[in-house]
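Asker: File data.txt follows (compact mmCIF, C-alpha atoms):
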# COMPACT_ATOMS: atom_id res chain seq x y z
CA MET A 261 171.58 -23.70 48.48
CA SER A 262 170.37 -20.14 48.03
CA LEU A 263 173.70 -18.52 48.86
CA HIS A 264 175.44 -20.31 45.97
CA ARG A 265 172.76 -19.22 43.57
CA GLN A 266 172.80 -15.62 44.80
CA THR A 267 176.58 -15.57 44.41
CA VAL A 268 176.21 -16.85 40.87
CA ALA A 269 173.65 -14.12 40.16
CA VAL A 270 176.00 -11.37 41.31
CA LEU A 271 178.92 -12.84 39.34
CA ALA A 272 176.72 -13.26 36.26
CA LEU A 273 175.76 -9.59 36.49
CA VAL A 274 179.45 -8.67 36.48
CA GLY A 275 179.87 -10.98 33.49
CA ILE A 276 176.99 -9.28 31.67
CA ALA A 277 178.71 -5.92 32.17
CA ILE A 278 182.06 -7.16 30.82
CA ALA A 279 180.56 -9.00 27.85
CA THR A 280 178.29 -6.06 27.02
CA TYR A 281 181.28 -3.71 27.10
CA LEU A 282 183.19 -5.94 24.66
CA TRP A 283 180.13 -6.38 22.48
CA LEU A 284 179.42 -2.63 22.33
CA HIS A 285 183.05 -2.13 21.33
CA ALA A 286 182.74 -4.78 18.62
CA ILE A 287 179.74 -3.01 17.07
CA GLY A 288 181.39 0.40 17.36
CA VAL A 289 179.26 1.93 20.12
CA VAL A 290 182.04 2.43 22.65
CA GLY A 291 185.51 3.77 21.98
CA ALA A 292 188.91 2.25 22.54
CA LEU A 293 188.91 -0.48 25.16
CA LYS A 294 190.54 0.57 28.40
CA CYS A 295 193.15 -2.12 28.23
CA GLY A 296 196.55 -0.78 29.21
CA THR A 297 198.21 -2.36 26.17
CA GLY A 298 197.16 -2.87 22.59
CA GLY A 299 196.29 -6.50 23.36
CA CYS A 300 192.55 -5.96 23.56
CA GLU A 301 192.39 -4.28 20.17
CA ILE A 302 194.52 -7.00 18.61
CA VAL A 303 192.31 -9.75 20.00
CA GLN A 304 189.10 -7.92 19.14
CA ALA A 305 190.32 -7.25 15.61
CA SER A 306 191.31 -10.85 14.97
CA THR A 307 189.18 -13.16 12.85
CA TYR A 308 188.47 -15.17 16.01
CA ALA A 309 186.52 -12.27 17.53
CA ARG A 310 183.50 -13.26 15.43
CA LEU A 311 181.66 -16.55 15.22
CA LEU A 312 179.12 -17.14 12.46
CA GLY A 313 179.34 -13.44 11.69
CA ILE A 314 178.40 -12.39 15.21
CA PRO A 315 180.86 -10.87 17.71
CA VAL A 316 181.95 -13.55 20.18
CA ALA A 317 181.17 -11.13 23.01
CA PHE A 318 177.48 -11.28 22.11
CA TYR A 319 177.44 -15.00 22.89
CA GLY A 320 178.93 -14.04 26.23
CA VAL A 321 176.10 -11.57 26.87
CA VAL A 322 173.51 -14.23 26.05
CA GLY A 323 175.22 -16.82 28.26
CA TYR A 324 175.58 -14.52 31.25
CA VAL A 325 171.98 -13.30 30.92
CA ALA A 326 170.83 -16.94 30.95
CA LEU A 327 172.93 -17.66 34.03
CA PHE A 328 171.67 -14.50 35.73
CA GLY A 329 168.02 -15.22 34.99
CA LEU A 330 168.29 -18.83 36.09
CA SER A 331 170.16 -18.05 39.30
CA VAL A 332 167.77 -15.27 40.32
CA ALA A 333 164.76 -17.49 39.61
CA ALA A 334 166.40 -20.36 41.47
CA SER A 335 166.89 -18.12 44.52
CA GLN A 336 163.15 -17.56 44.90
CA PRO A 337 161.37 -19.44 47.74
CA ALA A 338 159.41 -21.57 45.28
CA LEU A 339 162.58 -23.03 43.72
CA VAL A 340 165.17 -22.71 46.44
CA SER A 341 164.84 -26.30 47.58
CA ARG A 342 164.76 -27.78 44.08
CA ARG A 343 167.90 -29.42 42.74
CA TRP A 344 167.40 -29.07 39.00
CA PRO A 345 168.32 -25.36 38.75
CA THR A 346 171.74 -26.16 40.21
CA ARG A 347 172.26 -28.88 37.64
CA TRP A 348 171.41 -26.40 34.91
CA LEU A 349 173.75 -23.81 36.38
CA VAL A 350 176.60 -26.35 36.35
CA ALA A 351 175.81 -27.35 32.77
CA LEU A 352 175.51 -23.78 31.50
CA SER A 353 178.57 -22.46 33.29
CA GLY A 354 180.54 -25.57 32.28
CA THR A 355 179.71 -24.91 28.64
CA GLY A 356 180.69 -21.27 29.07
CA LEU A 357 183.93 -22.25 30.75
CA ALA A 358 184.82 -24.70 27.95
CA PHE A 359 184.18 -22.00 25.34
CA THR A 360 186.23 -19.53 27.36
CA LEU A 361 189.14 -21.98 27.60
CA TYR A 362 189.04 -22.35 23.82
CA LEU A 363 189.13 -18.57 23.34
CA THR A 364 191.90 -18.12 25.89
CA SER A 365 193.99 -20.80 24.17
CA LEU A 366 193.56 -18.86 20.90
CA GLU A 367 194.89 -15.76 22.62
CA MET A 368 197.86 -17.69 23.94
CA PHE A 369 198.81 -19.86 20.97
CA VAL A 370 197.38 -18.24 17.85
CA ILE A 371 196.83 -14.51 18.32
CA HIS A 372 199.74 -14.06 20.76
CA ALA A 373 198.03 -11.18 22.53
CA TRP A 374 196.06 -10.87 25.75
CA CYS A 375 192.81 -9.04 26.16
CA ARG A 376 192.45 -8.17 29.84
CA TRP A 377 188.68 -7.86 29.62
CA CYS A 378 188.51 -11.34 28.11
CA LEU A 379 190.66 -12.63 30.95
CA ALA A 380 188.37 -10.88 33.44
CA SER A 381 185.41 -12.64 31.85
CA ALA A 382 187.32 -15.93 32.03
CA ALA A 383 187.85 -15.37 35.75
CA VAL A 384 184.14 -14.64 36.24
CA ILE A 385 182.90 -17.72 34.38
CA THR A 386 185.43 -19.86 36.25
CA ALA A 387 184.15 -18.49 39.56
CA ILE A 388 180.55 -19.14 38.48
CA PHE A 389 181.37 -22.71 37.53
CA VAL A 390 183.21 -23.39 40.78
CA THR A 391 180.38 -21.85 42.82
CA SER A 392 177.75 -23.83 40.92
CA LEU A 393 179.73 -27.01 41.39
CA ALA A 394 180.05 -26.30 45.10
CA GLY A 395 176.29 -25.90 45.26
CA PHE A 396 175.84 -29.14 43.36
CA PHE A 397 177.97 -31.17 45.79
CA ARG A 398 176.64 -29.45 48.89
CA LYS A 399 174.36 -31.63 50.96
CA SER A 400 170.94 -30.04 51.04
CA MET B 19 166.97 -11.53 50.32
CA LYS B 20 166.90 -7.75 50.62
CA ARG B 21 170.68 -7.70 50.87
CA PHE B 22 170.86 -9.85 47.74
CA TYR B 23 168.72 -7.46 45.71
CA GLY B 24 170.59 -4.50 47.16
CA LEU B 25 173.90 -5.98 46.02
CA LEU B 26 172.48 -6.71 42.57
CA ALA B 27 171.28 -3.10 42.31
CA VAL B 28 174.70 -1.73 43.27
CA VAL B 29 176.49 -3.91 40.71
CA ALA B 30 173.93 -3.07 38.02
CA ILE B 31 174.19 0.68 38.63
CA ALA B 32 178.00 0.56 38.57
CA ALA B 33 177.96 -1.45 35.33
CA ILE B 34 175.46 0.85 33.62
CA ALA B 35 177.43 3.93 34.70
CA PHE B 36 180.63 2.45 33.28
CA LEU B 37 178.99 1.51 29.99
CA ILE B 38 177.43 4.96 29.58
CA TYR B 39 180.77 6.59 30.36
CA SER B 40 182.53 4.36 27.82
CA ALA B 41 179.91 5.00 25.15
CA ASN B 42 180.52 8.73 25.50
CA GLN B 43 184.23 8.37 24.81
CA GLN B 44 185.64 8.82 21.31
CA PRO B 45 185.24 5.72 19.16
CA THR B 46 188.34 3.65 18.45
CA GLY B 47 190.66 5.65 16.37
CA ALA B 48 187.75 7.60 15.12
CA VAL B 49 189.04 11.05 15.61
CA PRO B 50 189.13 12.54 12.22
CA GLY B 51 191.01 15.53 11.44
CA SER B 52 193.85 14.91 13.36
CA SER B 53 197.45 15.04 12.92
CA ALA B 54 200.06 16.18 15.31
CA SER B 55 200.89 18.80 12.80
CA THR B 56 199.10 21.78 11.38
CA ALA B 57 201.86 22.24 8.86
CA PRO B 58 201.16 24.18 5.69
CA VAL B 59 200.24 21.90 2.82
CA SER B 60 201.71 22.59 -0.59
CA ALA B 61 200.25 21.51 -3.92
CA GLN B 62 203.05 18.95 -4.11
CA ASP B 63 202.02 17.58 -0.72
CA SER B 64 198.42 17.24 -1.86
CA ALA B 65 199.48 15.53 -5.06
CA PHE B 66 201.34 12.76 -3.26
CA PRO B 67 199.29 9.63 -3.97
CA GLY B 68 200.60 7.48 -1.10
CA TYR B 69 203.05 4.61 -0.96
CA ILE B 70 202.40 2.42 -3.97
CA LEU B 71 203.02 -1.29 -4.19
CA GLY B 72 202.27 -3.18 -7.35
CA SER B 73 201.81 -2.56 -11.00
CA ASP B 74 200.19 0.60 -12.37
CA SER B 75 198.35 -1.64 -14.81
CA ALA B 76 196.72 -3.68 -12.05
CA PRO B 77 192.94 -3.77 -12.63
CA VAL B 78 192.09 -3.17 -8.96
CA LYS B 79 193.46 -0.41 -6.80
CA ILE B 80 193.10 -0.63 -3.04
CA VAL B 81 193.86 2.35 -0.81
CA GLU B 82 194.60 1.73 2.84
CA PHE B 83 194.60 4.56 5.37
CA ALA B 84 196.89 3.41 8.14
CA ASP B 85 198.49 4.55 11.36
CA TYR B 86 201.81 2.88 12.18
CA GLU B 87 201.11 2.90 15.91
CA CYS B 88 197.68 1.27 15.46
CA PRO B 89 197.77 -2.35 16.70
CA ILE B 90 195.03 -3.44 14.28
CA CYS B 91 197.04 -2.02 11.37
CA ALA B 92 200.08 -3.97 12.60
CA LEU B 93 198.03 -7.13 12.95
CA PHE B 94 196.69 -6.72 9.43
CA ALA B 95 200.15 -5.93 8.06
CA THR B 96 201.77 -8.98 9.62
CA VAL B 97 198.99 -11.57 9.37
CA GLN B 98 196.86 -10.80 6.30
CA PHE B 99 198.99 -8.55 4.15
CA PRO B 100 201.76 -11.08 3.32
CA THR B 101 199.14 -13.29 1.64
CA ILE B 102 197.61 -10.31 -0.15
CA ARG B 103 201.06 -9.31 -1.37
CA GLU B 104 201.78 -12.79 -2.71
CA GLN B 105 198.40 -13.63 -4.19
CA LEU B 106 197.07 -10.28 -5.36
CA ILE B 107 199.83 -7.70 -5.67
CA LYS B 108 202.67 -9.81 -7.06
CA THR B 109 200.29 -11.46 -9.50
CA GLY B 110 199.37 -8.07 -10.92
CA LYS B 111 195.72 -8.16 -9.88
CA VAL B 112 195.94 -5.41 -7.30
CA GLN B 113 197.88 -2.25 -6.77
CA TRP B 114 198.08 -1.37 -3.08
CA ILE B 115 198.36 2.24 -1.97
CA LEU B 116 199.09 3.01 1.66
CA ARG B 117 198.24 6.50 2.86
CA ASP B 118 199.17 8.07 6.16
CA TYR B 119 196.42 8.66 8.65
CA PRO B 120 198.20 9.23 11.96
CA LEU B 121 195.76 9.55 14.80
CA PRO B 122 196.23 12.49 17.18
CA PRO B 123 198.79 12.34 19.99
CA THR B 124 196.02 11.95 22.54
CA THR B 125 195.27 8.56 20.97
CA HIS B 126 198.61 7.46 19.55
CA ARG B 127 201.50 9.50 20.80
CA TRP B 128 204.11 8.56 18.22
CA SER B 129 202.01 8.16 15.08
CA HIS B 130 203.08 11.38 13.44
CA LEU B 131 206.72 10.69 14.21
CA ALA B 132 206.36 7.21 12.70
CA ALA B 133 204.71 8.60 9.58
CA ASN B 134 207.54 11.07 9.21
CA ALA B 135 210.11 8.30 9.75
CA VAL B 136 208.58 6.34 6.87
CA ALA B 137 208.38 9.43 4.67
CA CYS B 138 212.05 10.14 5.32
CA ALA B 139 212.92 6.57 4.34
CA SER B 140 210.78 6.95 1.23
CA GLU B 141 212.96 9.74 -0.12
CA GLN B 142 215.74 7.14 -0.23
CA GLY B 143 213.52 4.66 -2.04
CA LYS B 144 212.85 2.54 1.04
CA ALA B 145 209.23 3.34 1.81
CA TRP B 146 207.80 -0.16 1.81
CA ASP B 147 210.88 -1.65 3.46
CA MET B 148 210.42 0.84 6.27
CA ILE B 149 206.66 0.28 6.45
CA ASP B 150 207.25 -3.47 6.78
CA ALA B 151 209.91 -2.89 9.43
CA MET B 152 207.58 -0.58 11.40
CA PHE B 153 204.87 -3.23 11.57
CA ASP B 154 207.15 -6.25 11.92
CA HIS B 155 208.85 -4.74 14.99
CA HIS B 156 205.75 -3.23 16.53
CA ASP B 157 206.95 -3.54 20.10
CA TRP B 158 207.99 0.10 19.90
CA ALA B 159 204.29 1.04 19.99
CA LEU B 160 203.94 -0.47 23.46
CA GLN B 161 206.75 1.60 24.95
CA SER B 162 206.18 4.96 26.51
CA SER B 163 209.61 6.29 25.60
CA ASN B 164 210.34 8.23 22.41
CA PRO B 165 210.95 5.62 19.68
CA THR B 166 213.14 7.79 17.43
CA SER B 167 216.22 5.67 18.15
CA VAL B 168 214.22 2.50 17.37
CA PHE B 169 213.06 4.03 14.09
CA ARG B 170 216.64 5.00 13.31
CA GLY B 171 217.72 1.39 13.84
CA LEU B 172 214.91 0.13 11.63
CA ALA B 173 215.82 2.66 8.95
CA GLN B 174 219.45 1.58 9.03
CA GLY B 175 218.34 -2.03 8.90
CA VAL B 176 216.54 -1.47 5.61
CA GLY B 177 219.51 0.34 4.11
CA VAL B 178 218.65 3.97 4.70
CA ASN B 179 221.50 6.44 5.08
CA PRO B 180 221.09 7.43 8.74
CA THR B 181 222.63 10.88 8.50
CA THR B 182 220.28 12.00 5.77
CA TRP B 183 217.37 10.33 7.55
CA ASP B 184 218.24 12.08 10.83
CA ALA B 185 218.19 15.49 9.20
CA CYS B 186 214.87 14.73 7.53
CA VAL B 187 213.19 13.48 10.71
CA SER B 188 214.53 16.34 12.82
CA ALA B 189 213.13 18.85 10.37
CA ASP B 190 209.74 17.10 10.28
CA ARG B 191 210.18 17.50 6.54
CA TYR B 192 207.05 15.68 5.48
CA ALA B 193 204.60 17.21 7.93
CA GLY B 194 202.72 18.90 5.13
CA ARG B 195 202.46 15.71 3.08
CA ILE B 196 201.21 13.76 6.07
CA GLN B 197 198.69 16.49 6.86
CA ALA B 198 197.50 16.40 3.25
CA SER B 199 196.97 12.64 3.51
CA VAL B 200 194.96 13.04 6.71
CA SER B 201 192.82 15.71 5.07
CA ARG B 202 192.25 13.40 2.14
CA GLY B 203 191.17 10.66 4.52
CA ASP B 204 188.82 13.03 6.32
CA ALA B 205 187.28 14.04 3.01
CA LEU B 206 186.64 10.38 2.22
CA GLY B 207 185.07 9.82 5.63
CA VAL B 208 187.83 7.78 7.25
CA GLY B 209 186.70 7.10 10.79
CA GLY B 210 189.56 5.00 12.12
CA THR B 211 192.45 2.85 11.04
CA PRO B 212 192.90 0.80 9.05
CA THR B 213 190.29 1.89 6.53
CA PHE B 214 190.30 0.52 3.01
CA PHE B 215 188.85 1.87 -0.21
CA ILE B 216 188.41 0.10 -3.51
CA ASP B 217 187.57 2.42 -6.37
CA ARG B 218 186.71 5.14 -3.82
CA LYS B 219 184.21 2.89 -2.05
CA GLU B 220 184.97 2.06 1.55
CA VAL B 221 185.40 -1.61 2.34
CA ALA B 222 182.85 -1.90 5.13
CA GLY B 223 182.96 -4.21 8.12
CA THR B 224 185.68 -5.64 10.29
CA ASP B 225 186.56 -8.62 8.11
CA ARG B 226 190.06 -7.75 6.96
CA SER B 227 191.05 -11.24 5.88
CA SER B 228 193.11 -11.85 2.76
CA ASP B 229 190.28 -14.11 1.55
CA ARG B 230 187.91 -11.18 1.60
CA PHE B 231 190.24 -8.95 -0.41
CA GLN B 232 190.78 -11.82 -2.84
CA HIS B 233 187.02 -12.17 -3.24
CA LEU B 234 186.51 -8.41 -3.67
CA ALA B 235 189.27 -8.18 -6.27
CA ASP B 236 187.94 -11.18 -8.18
CA SER B 237 184.40 -9.76 -8.09
CA ILE B 238 185.54 -6.45 -9.54
CA ILE B 239 187.57 -8.12 -12.26
CA ALA B 240 184.67 -10.43 -13.11
CA ALA B 241 182.20 -7.54 -13.19
CA HIS B 242 184.43 -5.49 -15.49
CA PRO B 243 185.98 -7.95 -17.94
CA LYS B 244 187.93 -5.19 -19.64
CA LYS B 245 189.82 -4.77 -16.41
CA LYS B 246 191.29 -8.23 -16.77
CA LYS B 247 195.01 -8.24 -17.27
Written as structure tokens, how would this file's structure read?
Answerer:
Amino acid sequence: MSLHRQTVAVLALVGIAIATYLWLHAIGVVGALKCGTGGCEIVQASTYARLLGIPVAFYGVVGYVALFGLSVAASQPALVSRRWPTRWLVALSGTGLAFTLYLTSLEMFVIHAWCRWCLASAAVITAIFVTSLAGFFRKS
Amino acid sequence: MKRFYGLLAVVAIAAIAFLIYSANQQPTGAVPGSSASTAPVSAQDSAFPGYILGSDSAPVKIVEFADYECPICALFATVQFPTIREQLIKTGKVQWILRDYPLPPTTHRWSHLAANAVACASEQGKAWDMIDAMFDHHDWALQSSNPTSVFRGLAQGVGVNPTTWDACVSADRYAGRIQASVSRGDALGVGGTPTFFIDRKEVAGTDRSSDRFQHLADSIIAAHPKKKK
């Protein structure tokens, strides 16, 4: 049980780094995204890069921090044998994955540009969801 | 458990180092001062107002500082600007003025060349046709090879005499005018592209939607009734 949660914690930390990088770019703290093509700037400059006036990346930071905090707490001896943290990890990462799929479909069908950092984040949240799900179905 | 915390520490340190490194890089397109050219600027160069679209009697004048290689400028030009052109410029509410602000070659390698290509088309009365062509066929900005032949094709496509255009581009004839435009942008505090000004006030924020420009234009016209057409 603990190994799944520790894996999620490490992945969530990577996700925090990616989302923070995109967020700092959105608020003008960091320079041009290291992207290889202009795709990142096109995606980040689109109207879909903000939700309710807040950069979408910030929601990513919040989501990954929640996943990180929960998975670290759930790895502690006091909670390691409890099932509910795993259920929460599945629910949280599932919500994140659904949101990510929506954003990725916008890149593909509406914006017609790919942001590699967004795709990296999509890979991370997918891995977190799969790992959480594996923990959920694992016999304790 | 120790290995777990050790791994977390390694990932955290790597992430923080990367973010600090990135934060110390130049902001996006925010390198003022910067043209590929340090060409002498004549009084005529300084007097050039930019590429004008729309009626001189329009009550609202919007100045855009743009870089043809900038992907955000291209996105704006192809997604938002057609609506602005139809609803604000053609209706006589807004006069749009595009000014060159090519970023330095370290950021956008072909920006100055592109600005010169447009300027050379402008002397044949095809400025906005060439500007549209530059942004509509923006794939050239993703290539590493010199896009002069692409620009030549675009220029021909909009009806520019290629021989005259070739001579103009080869001579970098409008370097001074482009430099003057960059200096003007620097003086106004342009920190990246695209940057917009309405009545000398910068349009802040990253919302570059046609709806926002519509709202801003309507607000100005409503606040100054005498500006109404």
Asker: Quick one: residues within 9 Å of (210.4, 14.6, 20.8) (file frame), counting all atoms listed in the file, please, as a PyMOL selection string.
Answerer: chain B and resi 131+164+166
Asker: For chain A, which residue among B:Val187, B:Ala32, B:Ala137, B:Ala65 is the nearest when counting all atoms listed in the file?
Answerer: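 Smallest distance to chain A is found for B:Ala32.
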Asker: Padding 4 Å on each side, edges along x, y and z: where is the centre of the box around the listed atoms of stretch 119-130 of chain B, and how long are its edges in Å to one decimal? Output it as lines of an AutoDock Vina configuration file.
Answerer:
center_x = 199.7
center_y = 10.0
center_z = 15.6
size_x = 16.8
size_y = 13.0
size_z = 21.9
Asker: Distance atom CA of B:Phe66-atom CA of B:Ile107, one decimal place?
Answerer: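 Straight-line distance from atom CA of B:Phe66 to atom CA of B:Ile107 works out to 20.7 Å.
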Asker: Rank B:Ala30, B:Leu172, B:Arg195, B:His155 by their smallest atom-to-atom distance to A:Ile276, using all atoms listed in the file, and report the top residue only.
Answerer: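 So, comparing all the options, the nearest one is B:Ala30.
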Asker: Once you count all atoms listed in the file, which residues of chain B turn out to be within 10 Å of chain A? Could you give them as a ChimeraX atom specification?
Answerer: /B:19,22-23,25-30,32-34,36-48,87-94,97,125,159-161,223-227
Asker: Between atom CA of B:Val136 and atom CA of B:Asp154, what is the distance, to one decimal in Å?
Answerer: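 About the pair atom CA of B:Val136 and atom CA of B:Asp154: they are 13.6 Å apart.
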Asker: Near B:Glu82, within 8 Å and counting all atoms listed in the file, which residues show up once chain neighbours fewer than 6 positions away are dropped, as a short mmCIF file (atom, residue, chain, number, x, y, z; two decimals) with C-alpha atoms, in the coordinates of the input?
Answerer:
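The result, written out as around_23.cif:
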data_model
loop_
_atom_site.label_atom_id
_atom_site.label_comp_id
_atom_site.auth_asym_id
_atom_site.auth_seq_id
_atom_site.Cartn_x
_atom_site.Cartn_y
_atom_site.Cartn_z
CA TRP B 114 198.08 -1.37 -3.08
CA ILE B 115 198.36 2.24 -1.97
CA LEU B 116 199.09 3.01 1.66
CA ARG B 117 198.24 6.50 2.86
CA PRO B 212 192.90 0.80 9.05
CA THR B 213 190.29 1.89 6.53
CA PHE B 214 190.30 0.52 3.01
CA PHE B 215 188.85 1.87 -0.21
#
Asker: Suppose you want the space between atom CA of B:Ala235 and atom CA of B:Lys79; what is it in Å?
Answerer: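 Separation between atom CA of B:Ala235 and atom CA of B:Lys79: 8.8 Å.
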Asker: Find, counting all atoms listed in the file, the residue in B:Ala151, B:Glu104, B:Phe83, B:Thr211 that gets nearest to B:Gly68.
Answerer: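 So, comparing all the options, the nearest one is B:Phe83.
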